[in-house]
$ cat model12.cif   # mmCIF, N, CA and C atoms
data_structure
#
loop_
_atom_site.label_atom_id
_atom_site.label_comp_id
_atom_site.auth_asym_id
_atom_site.auth_seq_id
_atom_site.Cartn_x
_atom_site.Cartn_y
_atom_site.Cartn_z
N MET A 133 35.38 -2.30 18.80
CA MET A 133 35.03 -0.90 18.80
C MET A 133 33.51 -0.77 18.71
N GLU A 134 32.96 0.04 19.56
CA GLU A 134 31.52 0.23 19.58
C GLU A 134 31.12 1.30 18.57
N SER A 135 29.96 1.07 17.97
CA SER A 135 29.46 2.09 17.06
C SER A 135 28.63 3.09 17.84
N VAL A 136 28.70 4.31 17.43
CA VAL A 136 27.97 5.38 18.08
C VAL A 136 26.84 5.80 17.16
N ARG A 137 25.65 5.78 17.70
CA ARG A 137 24.51 6.19 16.90
C ARG A 137 24.45 7.71 16.88
N ILE A 138 24.59 8.26 15.70
CA ILE A 138 24.61 9.71 15.55
C ILE A 138 23.19 10.27 15.48
N ALA A 139 22.36 9.60 14.71
CA ALA A 139 20.99 10.07 14.54
C ALA A 139 20.10 8.85 14.38
N ALA A 140 18.84 9.04 14.54
CA ALA A 140 17.86 7.98 14.35
C ALA A 140 16.79 8.50 13.41
N ALA A 141 15.96 7.58 12.97
CA ALA A 141 14.86 7.99 12.10
C ALA A 141 13.96 8.96 12.86
N PRO A 142 13.54 10.02 12.22
CA PRO A 142 12.69 11.00 12.93
C PRO A 142 11.34 10.40 13.30
N ARG A 143 10.81 10.81 14.38
CA ARG A 143 9.47 10.39 14.82
C ARG A 143 8.47 11.34 14.17
N ILE A 144 7.66 10.81 13.26
CA ILE A 144 6.80 11.68 12.46
C ILE A 144 5.32 11.51 12.73
N VAL A 145 4.92 10.47 13.45
CA VAL A 145 3.50 10.16 13.57
C VAL A 145 2.74 11.25 14.33
N GLN A 146 3.19 11.59 15.52
CA GLN A 146 2.48 12.57 16.33
C GLN A 146 2.50 13.97 15.71
N PRO A 147 3.65 14.45 15.19
CA PRO A 147 3.61 15.78 14.55
C PRO A 147 2.67 15.86 13.34
N ILE A 148 2.61 14.78 12.56
CA ILE A 148 1.70 14.79 11.41
C ILE A 148 0.25 14.81 11.88
N GLY A 149 -0.06 14.01 12.89
CA GLY A 149 -1.42 14.01 13.43
C GLY A 149 -1.81 15.37 13.99
N ASP A 150 -0.87 16.00 14.70
CA ASP A 150 -1.17 17.34 15.24
C ASP A 150 -1.35 18.37 14.13
N GLY A 151 -0.52 18.29 13.10
CA GLY A 151 -0.65 19.22 11.98
C GLY A 151 -1.97 19.07 11.24
N VAL A 152 -2.38 17.83 11.01
CA VAL A 152 -3.66 17.60 10.32
C VAL A 152 -4.82 18.05 11.20
N ALA A 153 -4.72 17.82 12.51
CA ALA A 153 -5.78 18.28 13.41
C ALA A 153 -5.87 19.81 13.40
N ARG A 154 -4.72 20.49 13.36
CA ARG A 154 -4.73 21.95 13.29
C ARG A 154 -5.35 22.43 11.98
N LEU A 155 -4.99 21.76 10.86
CA LEU A 155 -5.57 22.12 9.57
C LEU A 155 -7.09 21.92 9.57
N CYS A 156 -7.54 20.82 10.15
CA CYS A 156 -8.98 20.58 10.24
C CYS A 156 -9.66 21.63 11.10
N GLY A 157 -8.96 22.10 12.11
CA GLY A 157 -9.52 23.17 12.93
C GLY A 157 -9.71 24.45 12.15
N TYR A 158 -8.75 24.77 11.26
CA TYR A 158 -8.90 25.95 10.41
C TYR A 158 -10.05 25.78 9.42
N ILE A 159 -10.18 24.57 8.88
CA ILE A 159 -11.24 24.33 7.89
C ILE A 159 -12.61 24.41 8.54
N THR A 160 -12.77 23.73 9.68
CA THR A 160 -14.09 23.72 10.32
C THR A 160 -14.37 25.01 11.07
N GLY A 161 -13.35 25.84 11.28
CA GLY A 161 -13.57 27.13 11.91
C GLY A 161 -14.34 28.08 11.02
N ASN A 162 -14.23 27.91 9.72
CA ASN A 162 -14.98 28.71 8.76
C ASN A 162 -16.34 28.04 8.56
N SER A 163 -17.39 28.62 9.07
CA SER A 163 -18.71 27.97 9.05
C SER A 163 -19.24 27.76 7.64
N ALA A 164 -18.97 28.68 6.73
CA ALA A 164 -19.45 28.51 5.36
C ALA A 164 -18.75 27.33 4.69
N LEU A 165 -17.44 27.21 4.90
CA LEU A 165 -16.70 26.09 4.32
C LEU A 165 -17.12 24.77 4.95
N ALA A 166 -17.34 24.77 6.26
CA ALA A 166 -17.78 23.55 6.94
C ALA A 166 -19.15 23.10 6.42
N THR A 167 -20.05 24.05 6.22
CA THR A 167 -21.37 23.71 5.68
C THR A 167 -21.27 23.18 4.26
N LEU A 168 -20.41 23.79 3.46
CA LEU A 168 -20.22 23.32 2.09
C LEU A 168 -19.65 21.90 2.06
N LEU A 169 -18.69 21.62 2.93
CA LEU A 169 -18.13 20.27 3.00
C LEU A 169 -19.17 19.25 3.44
N ILE A 170 -20.04 19.62 4.37
CA ILE A 170 -21.10 18.71 4.81
C ILE A 170 -22.06 18.41 3.67
N ILE A 171 -22.42 19.42 2.91
CA ILE A 171 -23.35 19.23 1.79
C ILE A 171 -22.71 18.36 0.70
N ILE A 172 -21.46 18.64 0.36
CA ILE A 172 -20.77 17.84 -0.66
C ILE A 172 -20.60 16.40 -0.18
N GLY A 173 -20.23 16.22 1.09
CA GLY A 173 -20.08 14.88 1.64
C GLY A 173 -21.39 14.10 1.63
N ALA A 174 -22.47 14.77 1.96
CA ALA A 174 -23.78 14.11 1.94
C ALA A 174 -24.16 13.71 0.52
N LEU A 175 -23.88 14.57 -0.45
CA LEU A 175 -24.18 14.22 -1.85
C LEU A 175 -23.35 13.03 -2.32
N VAL A 176 -22.09 12.99 -1.94
CA VAL A 176 -21.22 11.87 -2.32
C VAL A 176 -21.75 10.57 -1.72
N ILE A 177 -22.16 10.63 -0.46
CA ILE A 177 -22.68 9.42 0.20
C ILE A 177 -23.99 8.97 -0.45
N VAL A 178 -24.86 9.90 -0.77
CA VAL A 178 -26.14 9.55 -1.41
C VAL A 178 -25.90 8.92 -2.78
N VAL A 179 -24.99 9.49 -3.56
CA VAL A 179 -24.70 8.94 -4.89
C VAL A 179 -24.11 7.55 -4.78
N CYS A 180 -23.13 7.36 -3.90
CA CYS A 180 -22.50 6.04 -3.76
C CYS A 180 -23.48 5.01 -3.23
N ALA A 181 -24.29 5.38 -2.25
CA ALA A 181 -25.30 4.45 -1.74
C ALA A 181 -26.32 4.13 -2.82
N GLY A 182 -26.71 5.14 -3.61
CA GLY A 182 -27.64 4.89 -4.71
C GLY A 182 -27.06 3.93 -5.75
N LEU A 183 -25.78 4.08 -6.05
CA LEU A 183 -25.15 3.16 -7.00
C LEU A 183 -25.13 1.73 -6.46
N LEU A 184 -24.88 1.59 -5.17
CA LEU A 184 -24.90 0.24 -4.58
C LEU A 184 -26.30 -0.35 -4.58
N VAL A 185 -27.32 0.49 -4.37
CA VAL A 185 -28.71 0.02 -4.44
C VAL A 185 -29.05 -0.40 -5.86
N LEU A 186 -28.65 0.40 -6.84
CA LEU A 186 -28.88 0.02 -8.24
C LEU A 186 -28.22 -1.30 -8.57
N ARG A 187 -27.02 -1.50 -8.08
CA ARG A 187 -26.28 -2.73 -8.36
C ARG A 187 -26.99 -3.93 -7.74
N LYS A 188 -27.57 -3.76 -6.57
CA LYS A 188 -28.18 -4.89 -5.87
C LYS A 188 -29.57 -5.22 -6.41
N TRP A 189 -30.45 -4.24 -6.55
CA TRP A 189 -31.84 -4.53 -6.86
C TRP A 189 -32.22 -4.39 -8.33
N TRP A 190 -31.41 -3.70 -9.13
CA TRP A 190 -31.71 -3.59 -10.56
C TRP A 190 -30.46 -3.92 -11.37
N PRO A 191 -29.98 -5.16 -11.31
CA PRO A 191 -28.73 -5.50 -11.99
C PRO A 191 -28.86 -5.58 -13.51
N THR A 192 -30.10 -5.59 -14.04
CA THR A 192 -30.26 -5.69 -15.48
C THR A 192 -30.22 -4.34 -16.18
N THR A 193 -30.26 -3.25 -15.44
CA THR A 193 -30.17 -1.94 -16.08
C THR A 193 -28.74 -1.69 -16.53
N THR A 194 -28.56 -0.67 -17.34
CA THR A 194 -27.23 -0.34 -17.86
C THR A 194 -26.27 0.01 -16.72
N ILE A 195 -26.72 0.82 -15.78
CA ILE A 195 -25.85 1.18 -14.66
C ILE A 195 -25.60 -0.04 -13.78
N GLY A 196 -26.62 -0.84 -13.54
CA GLY A 196 -26.45 -2.04 -12.73
C GLY A 196 -25.45 -3.01 -13.33
N GLN A 197 -25.47 -3.14 -14.67
CA GLN A 197 -24.51 -4.03 -15.32
C GLN A 197 -23.10 -3.44 -15.27
N ALA A 198 -23.00 -2.13 -15.37
CA ALA A 198 -21.68 -1.50 -15.32
C ALA A 198 -21.04 -1.65 -13.94
N LEU A 199 -21.87 -1.77 -12.91
CA LEU A 199 -21.35 -1.87 -11.55
C LEU A 199 -21.10 -3.30 -11.10
N GLN A 200 -21.27 -4.28 -11.97
CA GLN A 200 -21.12 -5.68 -11.57
C GLN A 200 -19.67 -6.12 -11.42
N GLY A 201 -18.75 -5.45 -12.03
CA GLY A 201 -17.37 -5.92 -11.96
C GLY A 201 -16.38 -4.80 -11.88
N ASN A 202 -15.12 -5.16 -12.03
CA ASN A 202 -14.00 -4.22 -12.09
C ASN A 202 -13.87 -3.35 -10.84
N GLY A 203 -14.17 -3.90 -9.68
CA GLY A 203 -13.94 -3.18 -8.44
C GLY A 203 -14.90 -2.05 -8.17
N ALA A 204 -16.08 -2.09 -8.76
CA ALA A 204 -17.03 -1.00 -8.58
C ALA A 204 -17.48 -0.88 -7.13
N VAL A 205 -17.64 -2.00 -6.45
CA VAL A 205 -18.05 -1.94 -5.05
C VAL A 205 -16.95 -1.30 -4.21
N GLY A 206 -15.70 -1.61 -4.51
CA GLY A 206 -14.59 -0.99 -3.79
C GLY A 206 -14.57 0.51 -3.97
N TRP A 207 -14.82 0.96 -5.20
CA TRP A 207 -14.85 2.40 -5.44
C TRP A 207 -16.03 3.06 -4.74
N CYS A 208 -17.17 2.37 -4.69
CA CYS A 208 -18.32 2.93 -3.98
C CYS A 208 -18.04 3.02 -2.48
N CYS A 209 -17.40 2.02 -1.92
CA CYS A 209 -17.04 2.06 -0.50
C CYS A 209 -16.02 3.18 -0.25
N ALA A 210 -15.07 3.36 -1.17
CA ALA A 210 -14.11 4.46 -1.03
C ALA A 210 -14.84 5.80 -1.11
N GLY A 211 -15.83 5.90 -1.97
CA GLY A 211 -16.63 7.13 -2.06
C GLY A 211 -17.41 7.39 -0.79
N LEU A 212 -17.95 6.32 -0.18
CA LEU A 212 -18.65 6.48 1.10
C LEU A 212 -17.71 7.00 2.19
N LEU A 213 -16.51 6.44 2.24
CA LEU A 213 -15.53 6.91 3.22
C LEU A 213 -15.10 8.35 2.95
N PHE A 214 -14.94 8.69 1.67
CA PHE A 214 -14.59 10.07 1.32
C PHE A 214 -15.69 11.04 1.74
N GLY A 215 -16.94 10.66 1.50
CA GLY A 215 -18.05 11.51 1.93
C GLY A 215 -18.09 11.67 3.44
N LEU A 216 -17.79 10.58 4.15
CA LEU A 216 -17.74 10.66 5.60
C LEU A 216 -16.61 11.56 6.08
N MET A 217 -15.47 11.52 5.37
CA MET A 217 -14.36 12.40 5.71
C MET A 217 -14.72 13.87 5.47
N LEU A 218 -15.51 14.12 4.45
CA LEU A 218 -15.93 15.50 4.20
C LEU A 218 -16.89 16.00 5.27
N ILE A 219 -17.72 15.10 5.78
CA ILE A 219 -18.69 15.50 6.80
C ILE A 219 -18.02 15.68 8.16
N LEU A 220 -17.11 14.77 8.53
CA LEU A 220 -16.45 14.82 9.84
C LEU A 220 -14.93 14.88 9.69
N PRO A 221 -14.38 15.95 9.14
CA PRO A 221 -12.93 15.97 8.91
C PRO A 221 -12.11 15.98 10.19
N ALA A 222 -12.57 16.67 11.22
CA ALA A 222 -11.77 16.79 12.45
C ALA A 222 -11.65 15.47 13.20
N GLN A 223 -12.58 14.55 12.99
CA GLN A 223 -12.53 13.27 13.68
C GLN A 223 -11.81 12.20 12.88
N ILE A 224 -11.93 12.23 11.56
CA ILE A 224 -11.43 11.14 10.74
C ILE A 224 -10.05 11.43 10.15
N LEU A 225 -9.83 12.62 9.65
CA LEU A 225 -8.57 12.91 8.96
C LEU A 225 -7.32 12.77 9.82
N PRO A 226 -7.31 13.22 11.09
CA PRO A 226 -6.10 12.97 11.90
C PRO A 226 -5.81 11.49 12.09
N PHE A 227 -6.85 10.67 12.25
CA PHE A 227 -6.65 9.23 12.39
C PHE A 227 -6.05 8.63 11.12
N VAL A 228 -6.61 9.00 9.97
CA VAL A 228 -6.09 8.48 8.70
C VAL A 228 -4.65 8.94 8.48
N ALA A 229 -4.37 10.19 8.81
CA ALA A 229 -3.01 10.71 8.65
C ALA A 229 -2.03 9.96 9.55
N LYS A 230 -2.44 9.66 10.78
CA LYS A 230 -1.57 8.93 11.69
C LYS A 230 -1.33 7.50 11.22
N VAL A 231 -2.35 6.86 10.65
CA VAL A 231 -2.16 5.50 10.13
C VAL A 231 -1.16 5.51 8.98
N LEU A 232 -1.32 6.45 8.05
CA LEU A 232 -0.38 6.53 6.92
C LEU A 232 1.02 6.91 7.40
N ALA A 233 1.11 7.81 8.38
CA ALA A 233 2.42 8.19 8.91
C ALA A 233 3.07 7.01 9.64
N THR A 234 2.29 6.17 10.27
CA THR A 234 2.84 4.99 10.94
C THR A 234 3.45 4.04 9.92
N LEU A 235 2.78 3.85 8.80
CA LEU A 235 3.34 3.00 7.74
C LEU A 235 4.67 3.57 7.23
N PHE A 236 4.71 4.88 7.03
CA PHE A 236 5.94 5.51 6.57
C PHE A 236 7.02 5.46 7.65
N GLN A 237 6.61 5.57 8.92
CA GLN A 237 7.56 5.49 10.03
C GLN A 237 8.21 4.12 10.09
N VAL A 238 7.45 3.08 9.79
CA VAL A 238 8.03 1.73 9.76
C VAL A 238 9.11 1.64 8.70
N VAL A 239 8.85 2.21 7.54
CA VAL A 239 9.86 2.21 6.46
C VAL A 239 11.10 2.98 6.91
N LEU A 240 10.91 4.14 7.56
CA LEU A 240 12.05 4.91 8.05
C LEU A 240 12.84 4.13 9.09
N ASP A 241 12.14 3.43 9.98
CA ASP A 241 12.84 2.64 11.00
C ASP A 241 13.63 1.50 10.38
N ILE A 242 13.08 0.87 9.35
CA ILE A 242 13.79 -0.22 8.67
C ILE A 242 15.05 0.32 8.01
N PHE A 243 14.94 1.44 7.29
CA PHE A 243 16.12 2.03 6.66
C PHE A 243 17.14 2.46 7.71
N SER A 244 16.66 2.97 8.83
CA SER A 244 17.56 3.37 9.90
C SER A 244 18.33 2.16 10.45
N ALA A 245 17.65 1.04 10.59
CA ALA A 245 18.31 -0.16 11.10
C ALA A 245 19.28 -0.73 10.07
N ILE A 246 18.91 -0.68 8.80
CA ILE A 246 19.78 -1.23 7.75
C ILE A 246 21.06 -0.41 7.58
N PHE A 247 20.91 0.89 7.51
CA PHE A 247 22.05 1.75 7.27
C PHE A 247 22.75 2.20 8.53
N GLY A 248 22.21 1.84 9.69
CA GLY A 248 22.86 2.15 10.95
C GLY A 248 22.85 3.61 11.33
N ILE A 249 21.82 4.31 10.95
CA ILE A 249 21.76 5.73 11.34
C ILE A 249 20.70 5.92 12.39
#
$ encode --input "model12.cif" --output "structure tokens"
Amino acid sequence: MESVRIAAAPRIVQPIGDGVARLCGYITGNSALATLLIIIGALVIVVCAGLLVLRKWWPTTTIGQALQGNGAVGWCCAGLLFGLMLILPAQILPFVAKVLATLFQVVLDIFSAIFGI
């Protein structure tokens, strides 16, 4: 007896990317909000880059010593990426959303194959 596939895992990558792109269009359509995001993003990038400079050239200071371990460089890099996302949301956020949706889509496809739906 053959099994009949009733449903499959939903395809979520493209709709999520389109939704995030539409949201970014609403955000960047407001010029005051777009300017505010650019300013905040620039400040985040300047602070994170400054912390990395302190860590490299003045490691004996209190801040330089605090940044020597415990993943501080990773957090600074994450801050740089966050600042970049604030400056260019329409270019970066749909890509990031699609990457995360692809990972979730893989999980859905695996469950679909395991449970036969």
$ resolve_selection --input "model12.cif" --expression "the PyMOL selection byres (((chain A and resi 237 and name CA) around 12) and name CA)" --output "NGL selection string"
:A and (140-148 or 229-236 or 238-244)
$ atom_distance --input "model12.cif" --atom1 "CA of Leu184 (chain A)" --atom2 "CA of Pro221 (chain A)"
23.9 Å
$ residues_around --input "model12.cif" --residues "Val179 (chain A)" --least-positions-apart "6" --cutoff "8 Å" --atoms "all atoms listed in the file" --output "ChimeraX atom specification"
/A:173,185,208,211-212
$ closest_residue --input "model12.cif" --among "A:Met217, A:Leu225, A:Val178, A:Leu183" --to "Ala153 (chain A)" --atoms "only N, CA and C atoms"
A:Leu225
$ atom_distance --input "model12.cif" --atom1 "CA of Thr160 (chain A)" --atom2 "CA of Trp207 (chain A)"
26.5 Å
$ closest_residue --input "model12.cif" --among "A:Ala204, A:Ile224, A:Ile246, A:Ile219" --to "Thr167 (chain A)" --atoms "only C-alpha atoms"
A:Ile219
$ atom_distance --input "model12.cif" --atom1 "atom N of Ala245 (chain A)" --atom2 "atom C of Val152 (chain A)"
28.2 Å
$ select_by_dssp --input "model12.cif" --residues "chain A" --states "helix (DSSP H, G or I)" --output "JSON, numbers by chain"
{"A": [145, 146, 147, 148, 149, 150, 151, 152, 153, 154, 155, 156, 157, 158, 159, 160, 161, 163, 164, 165, 166, 167, 168, 169, 170, 171, 172, 173, 174, 175, 176, 177, 178, 179, 180, 181, 182, 183, 184, 185, 186, 187, 188, 189, 194, 195, 196, 197, 198, 204, 205, 206, 207, 208, 209, 210, 211, 212, 213, 214, 215, 216, 217, 218, 219, 221, 222, 223, 224, 225, 226, 227, 228, 229, 230, 231, 232, 233, 234, 235, 236, 237, 238, 239, 240, 241, 242, 243, 244, 245, 246, 247]}
$ resolve_selection --input "model12.cif" --expression "the PyMOL selection byres ((chain A and resi 215) around 8)" --output "PDB file with N, CA and C atoms, keeping the file's coordinate frame"
ATOM      1  N   LEU A 169     -18.690  21.620   2.930  1.00  0.00           N
ATOM      2  CA  LEU A 169     -18.130  20.270   3.000  1.00  0.00           C
ATOM      3  C   LEU A 169     -19.170  19.250   3.440  1.00  0.00           C
ATOM      4  N   ILE A 170     -20.040  19.620   4.370  1.00  0.00           N
ATOM      5  CA  ILE A 170     -21.100  18.710   4.810  1.00  0.00           C
ATOM      6  C   ILE A 170     -22.060  18.410   3.670  1.00  0.00           C
ATOM      7  N   ILE A 172     -21.460  18.640   0.360  1.00  0.00           N
ATOM      8  CA  ILE A 172     -20.770  17.840  -0.660  1.00  0.00           C
ATOM      9  C   ILE A 172     -20.600  16.400  -0.180  1.00  0.00           C
ATOM     10  N   GLY A 173     -20.230  16.220   1.090  1.00  0.00           N
ATOM     11  CA  GLY A 173     -20.080  14.880   1.640  1.00  0.00           C
ATOM     12  C   GLY A 173     -21.390  14.100   1.630  1.00  0.00           C
ATOM     13  N   ALA A 174     -22.470  14.770   1.960  1.00  0.00           N
ATOM     14  CA  ALA A 174     -23.780  14.110   1.940  1.00  0.00           C
ATOM     15  C   ALA A 174     -24.160  13.710   0.520  1.00  0.00           C
ATOM     16  N   LEU A 175     -23.880  14.570  -0.450  1.00  0.00           N
ATOM     17  CA  LEU A 175     -24.180  14.220  -1.850  1.00  0.00           C
ATOM     18  C   LEU A 175     -23.350  13.030  -2.320  1.00  0.00           C
ATOM     19  N   VAL A 176     -22.090  12.990  -1.940  1.00  0.00           N
ATOM     20  CA  VAL A 176     -21.220  11.870  -2.320  1.00  0.00           C
ATOM     21  C   VAL A 176     -21.750  10.570  -1.720  1.00  0.00           C
ATOM     22  N   ILE A 177     -22.160  10.630  -0.460  1.00  0.00           N
ATOM     23  CA  ILE A 177     -22.680   9.420   0.200  1.00  0.00           C
ATOM     24  C   ILE A 177     -23.990   8.970  -0.450  1.00  0.00           C
ATOM     25  N   VAL A 178     -24.860   9.900  -0.770  1.00  0.00           N
ATOM     26  CA  VAL A 178     -26.140   9.550  -1.410  1.00  0.00           C
ATOM     27  C   VAL A 178     -25.900   8.920  -2.780  1.00  0.00           C
ATOM     28  N   CYS A 209     -17.400   2.020  -1.920  1.00  0.00           N
ATOM     29  CA  CYS A 209     -17.040   2.060  -0.500  1.00  0.00           C
ATOM     30  C   CYS A 209     -16.020   3.180  -0.250  1.00  0.00           C
ATOM     31  N   ALA A 210     -15.070   3.360  -1.170  1.00  0.00           N
ATOM     32  CA  ALA A 210     -14.110   4.460  -1.030  1.00  0.00           C
ATOM     33  C   ALA A 210     -14.840   5.800  -1.110  1.00  0.00           C
ATOM     34  N   GLY A 211     -15.830   5.900  -1.970  1.00  0.00           N
ATOM     35  CA  GLY A 211     -16.630   7.130  -2.060  1.00  0.00           C
ATOM     36  C   GLY A 211     -17.410   7.390  -0.790  1.00  0.00           C
ATOM     37  N   LEU A 212     -17.950   6.320  -0.180  1.00  0.00           N
ATOM     38  CA  LEU A 212     -18.650   6.480   1.100  1.00  0.00           C
ATOM     39  C   LEU A 212     -17.710   7.000   2.190  1.00  0.00           C
ATOM     40  N   LEU A 213     -16.510   6.440   2.240  1.00  0.00           N
ATOM     41  CA  LEU A 213     -15.530   6.910   3.220  1.00  0.00           C
ATOM     42  C   LEU A 213     -15.100   8.350   2.950  1.00  0.00           C
ATOM     43  N   PHE A 214     -14.940   8.690   1.670  1.00  0.00           N
ATOM     44  CA  PHE A 214     -14.590  10.070   1.320  1.00  0.00           C
ATOM     45  C   PHE A 214     -15.690  11.040   1.740  1.00  0.00           C
ATOM     46  N   LEU A 216     -17.790  10.580   4.150  1.00  0.00           N
ATOM     47  CA  LEU A 216     -17.740  10.660   5.600  1.00  0.00           C
ATOM     48  C   LEU A 216     -16.610  11.560   6.080  1.00  0.00           C
ATOM     49  N   MET A 217     -15.470  11.520   5.370  1.00  0.00           N
ATOM     50  CA  MET A 217     -14.360  12.400   5.710  1.00  0.00           C
ATOM     51  C   MET A 217     -14.720  13.870   5.470  1.00  0.00           C
ATOM     52  N   LEU A 218     -15.510  14.120   4.450  1.00  0.00           N
ATOM     53  CA  LEU A 218     -15.930  15.500   4.200  1.00  0.00           C
ATOM     54  C   LEU A 218     -16.890  16.000   5.270  1.00  0.00           C
ATOM     55  N   ILE A 219     -17.720  15.100   5.780  1.00  0.00           N
ATOM     56  CA  ILE A 219     -18.690  15.500   6.800  1.00  0.00           C
ATOM     57  C   ILE A 219     -18.020  15.680   8.160  1.00  0.00           C
ATOM     58  N   LEU A 220     -17.110  14.770   8.530  1.00  0.00           N
ATOM     59  CA  LEU A 220     -16.450  14.820   9.840  1.00  0.00           C
ATOM     60  C   LEU A 220     -14.930  14.880   9.690  1.00  0.00           C
TER      61      LEU A 220
END
$ closest_residue --input "model12.cif" --among "A:Gly206, A:Pro191, A:Gly248, A:Pro226" --to "Asp150 (chain A)" --atoms "only C-alpha atoms"
A:Pro226
$ residues_around --input "model12.cif" --residues "Gln200 (chain A)" --least-positions-apart "5" --cutoff "9 Å" --atoms "only C-alpha atoms" --output "list in words"
Arg187, Pro191, Ile195 and Val205 of chain A
$ decode --input "model12.cif" --residues "region 156-169 of chain A" --atoms "N, CA, C and O atoms" --output "mmCIF file, in the first residue's frame"
data_model
loop_
_atom_site.group_PDB
_atom_site.id
_atom_site.type_symbol
_atom_site.label_atom_id
_atom_site.label_comp_id
_atom_site.auth_asym_id
_atom_site.auth_seq_id
_atom_site.Cartn_x
_atom_site.Cartn_y
_atom_site.Cartn_z
ATOM 1 N N CYS A 156 11.316 46.780 6.492
ATOM 2 C CA CYS A 156 12.428 47.719 6.324
ATOM 3 C C CYS A 156 12.033 48.890 5.434
ATOM 4 O O CYS A 156 12.486 50.017 5.652
ATOM 5 N N GLY A 157 11.179 48.622 4.464
ATOM 6 C CA GLY A 157 10.686 49.712 3.628
ATOM 7 C C GLY A 157 9.864 50.712 4.416
ATOM 8 O O GLY A 157 9.967 51.919 4.202
ATOM 9 N N TYR A 158 9.046 50.219 5.352
ATOM 10 C CA TYR A 158 8.278 51.122 6.210
ATOM 11 C C TYR A 158 9.193 51.926 7.127
ATOM 12 O O TYR A 158 8.973 53.110 7.354
ATOM 13 N N ILE A 159 10.223 51.265 7.654
ATOM 14 C CA ILE A 159 11.131 51.948 8.579
ATOM 15 C C ILE A 159 11.931 53.023 7.852
ATOM 16 O O ILE A 159 12.049 54.150 8.320
ATOM 17 N N THR A 160 12.505 52.666 6.703
ATOM 18 C CA THR A 160 13.333 53.635 5.990
ATOM 19 C C THR A 160 12.499 54.657 5.233
ATOM 20 O O THR A 160 13.037 55.667 4.777
ATOM 21 N N GLY A 161 11.198 54.409 5.089
ATOM 22 C CA GLY A 161 10.330 55.393 4.462
ATOM 23 C C GLY A 161 10.135 56.627 5.319
ATOM 24 O O GLY A 161 9.874 57.717 4.812
ATOM 25 N N ASN A 162 10.260 56.479 6.622
ATOM 26 C CA ASN A 162 10.177 57.606 7.546
ATOM 27 C C ASN A 162 11.572 58.207 7.661
ATOM 28 O O ASN A 162 12.463 57.610 8.251
ATOM 29 N N SER A 163 11.784 59.373 7.104
ATOM 30 C CA SER A 163 13.133 59.949 7.038
ATOM 31 C C SER A 163 13.698 60.276 8.419
ATOM 32 O O SER A 163 14.904 60.136 8.643
ATOM 33 N N ALA A 164 12.858 60.691 9.347
ATOM 34 C CA ALA A 164 13.354 60.998 10.688
ATOM 35 C C ALA A 164 13.838 59.731 11.388
ATOM 36 O O ALA A 164 14.899 59.721 12.017
ATOM 37 N N LEU A 165 13.071 58.648 11.251
ATOM 38 C CA LEU A 165 13.474 57.378 11.859
ATOM 39 C C LEU A 165 14.723 56.818 11.190
ATOM 40 O O LEU A 165 15.616 56.298 11.864
ATOM 41 N N ALA A 166 14.810 56.943 9.870
ATOM 42 C CA ALA A 166 15.993 56.464 9.161
ATOM 43 C C ALA A 166 17.241 57.227 9.595
ATOM 44 O O ALA A 166 18.301 56.626 9.811
ATOM 45 N N THR A 167 17.113 58.536 9.757
ATOM 46 C CA THR A 167 18.243 59.345 10.214
ATOM 47 C C THR A 167 18.647 58.971 11.638
ATOM 48 O O THR A 167 19.833 58.861 11.946
ATOM 49 N N LEU A 168 17.663 58.744 12.491
ATOM 50 C CA LEU A 168 17.954 58.348 13.863
ATOM 51 C C LEU A 168 18.672 56.994 13.909
ATOM 52 O O LEU A 168 19.636 56.817 14.653
ATOM 53 N N LEU A 169 18.225 56.050 13.086
ATOM 54 C CA LEU A 169 18.886 54.746 13.037
ATOM 55 C C LEU A 169 20.320 54.863 12.534
ATOM 56 O O LEU A 169 21.219 54.166 13.021
#
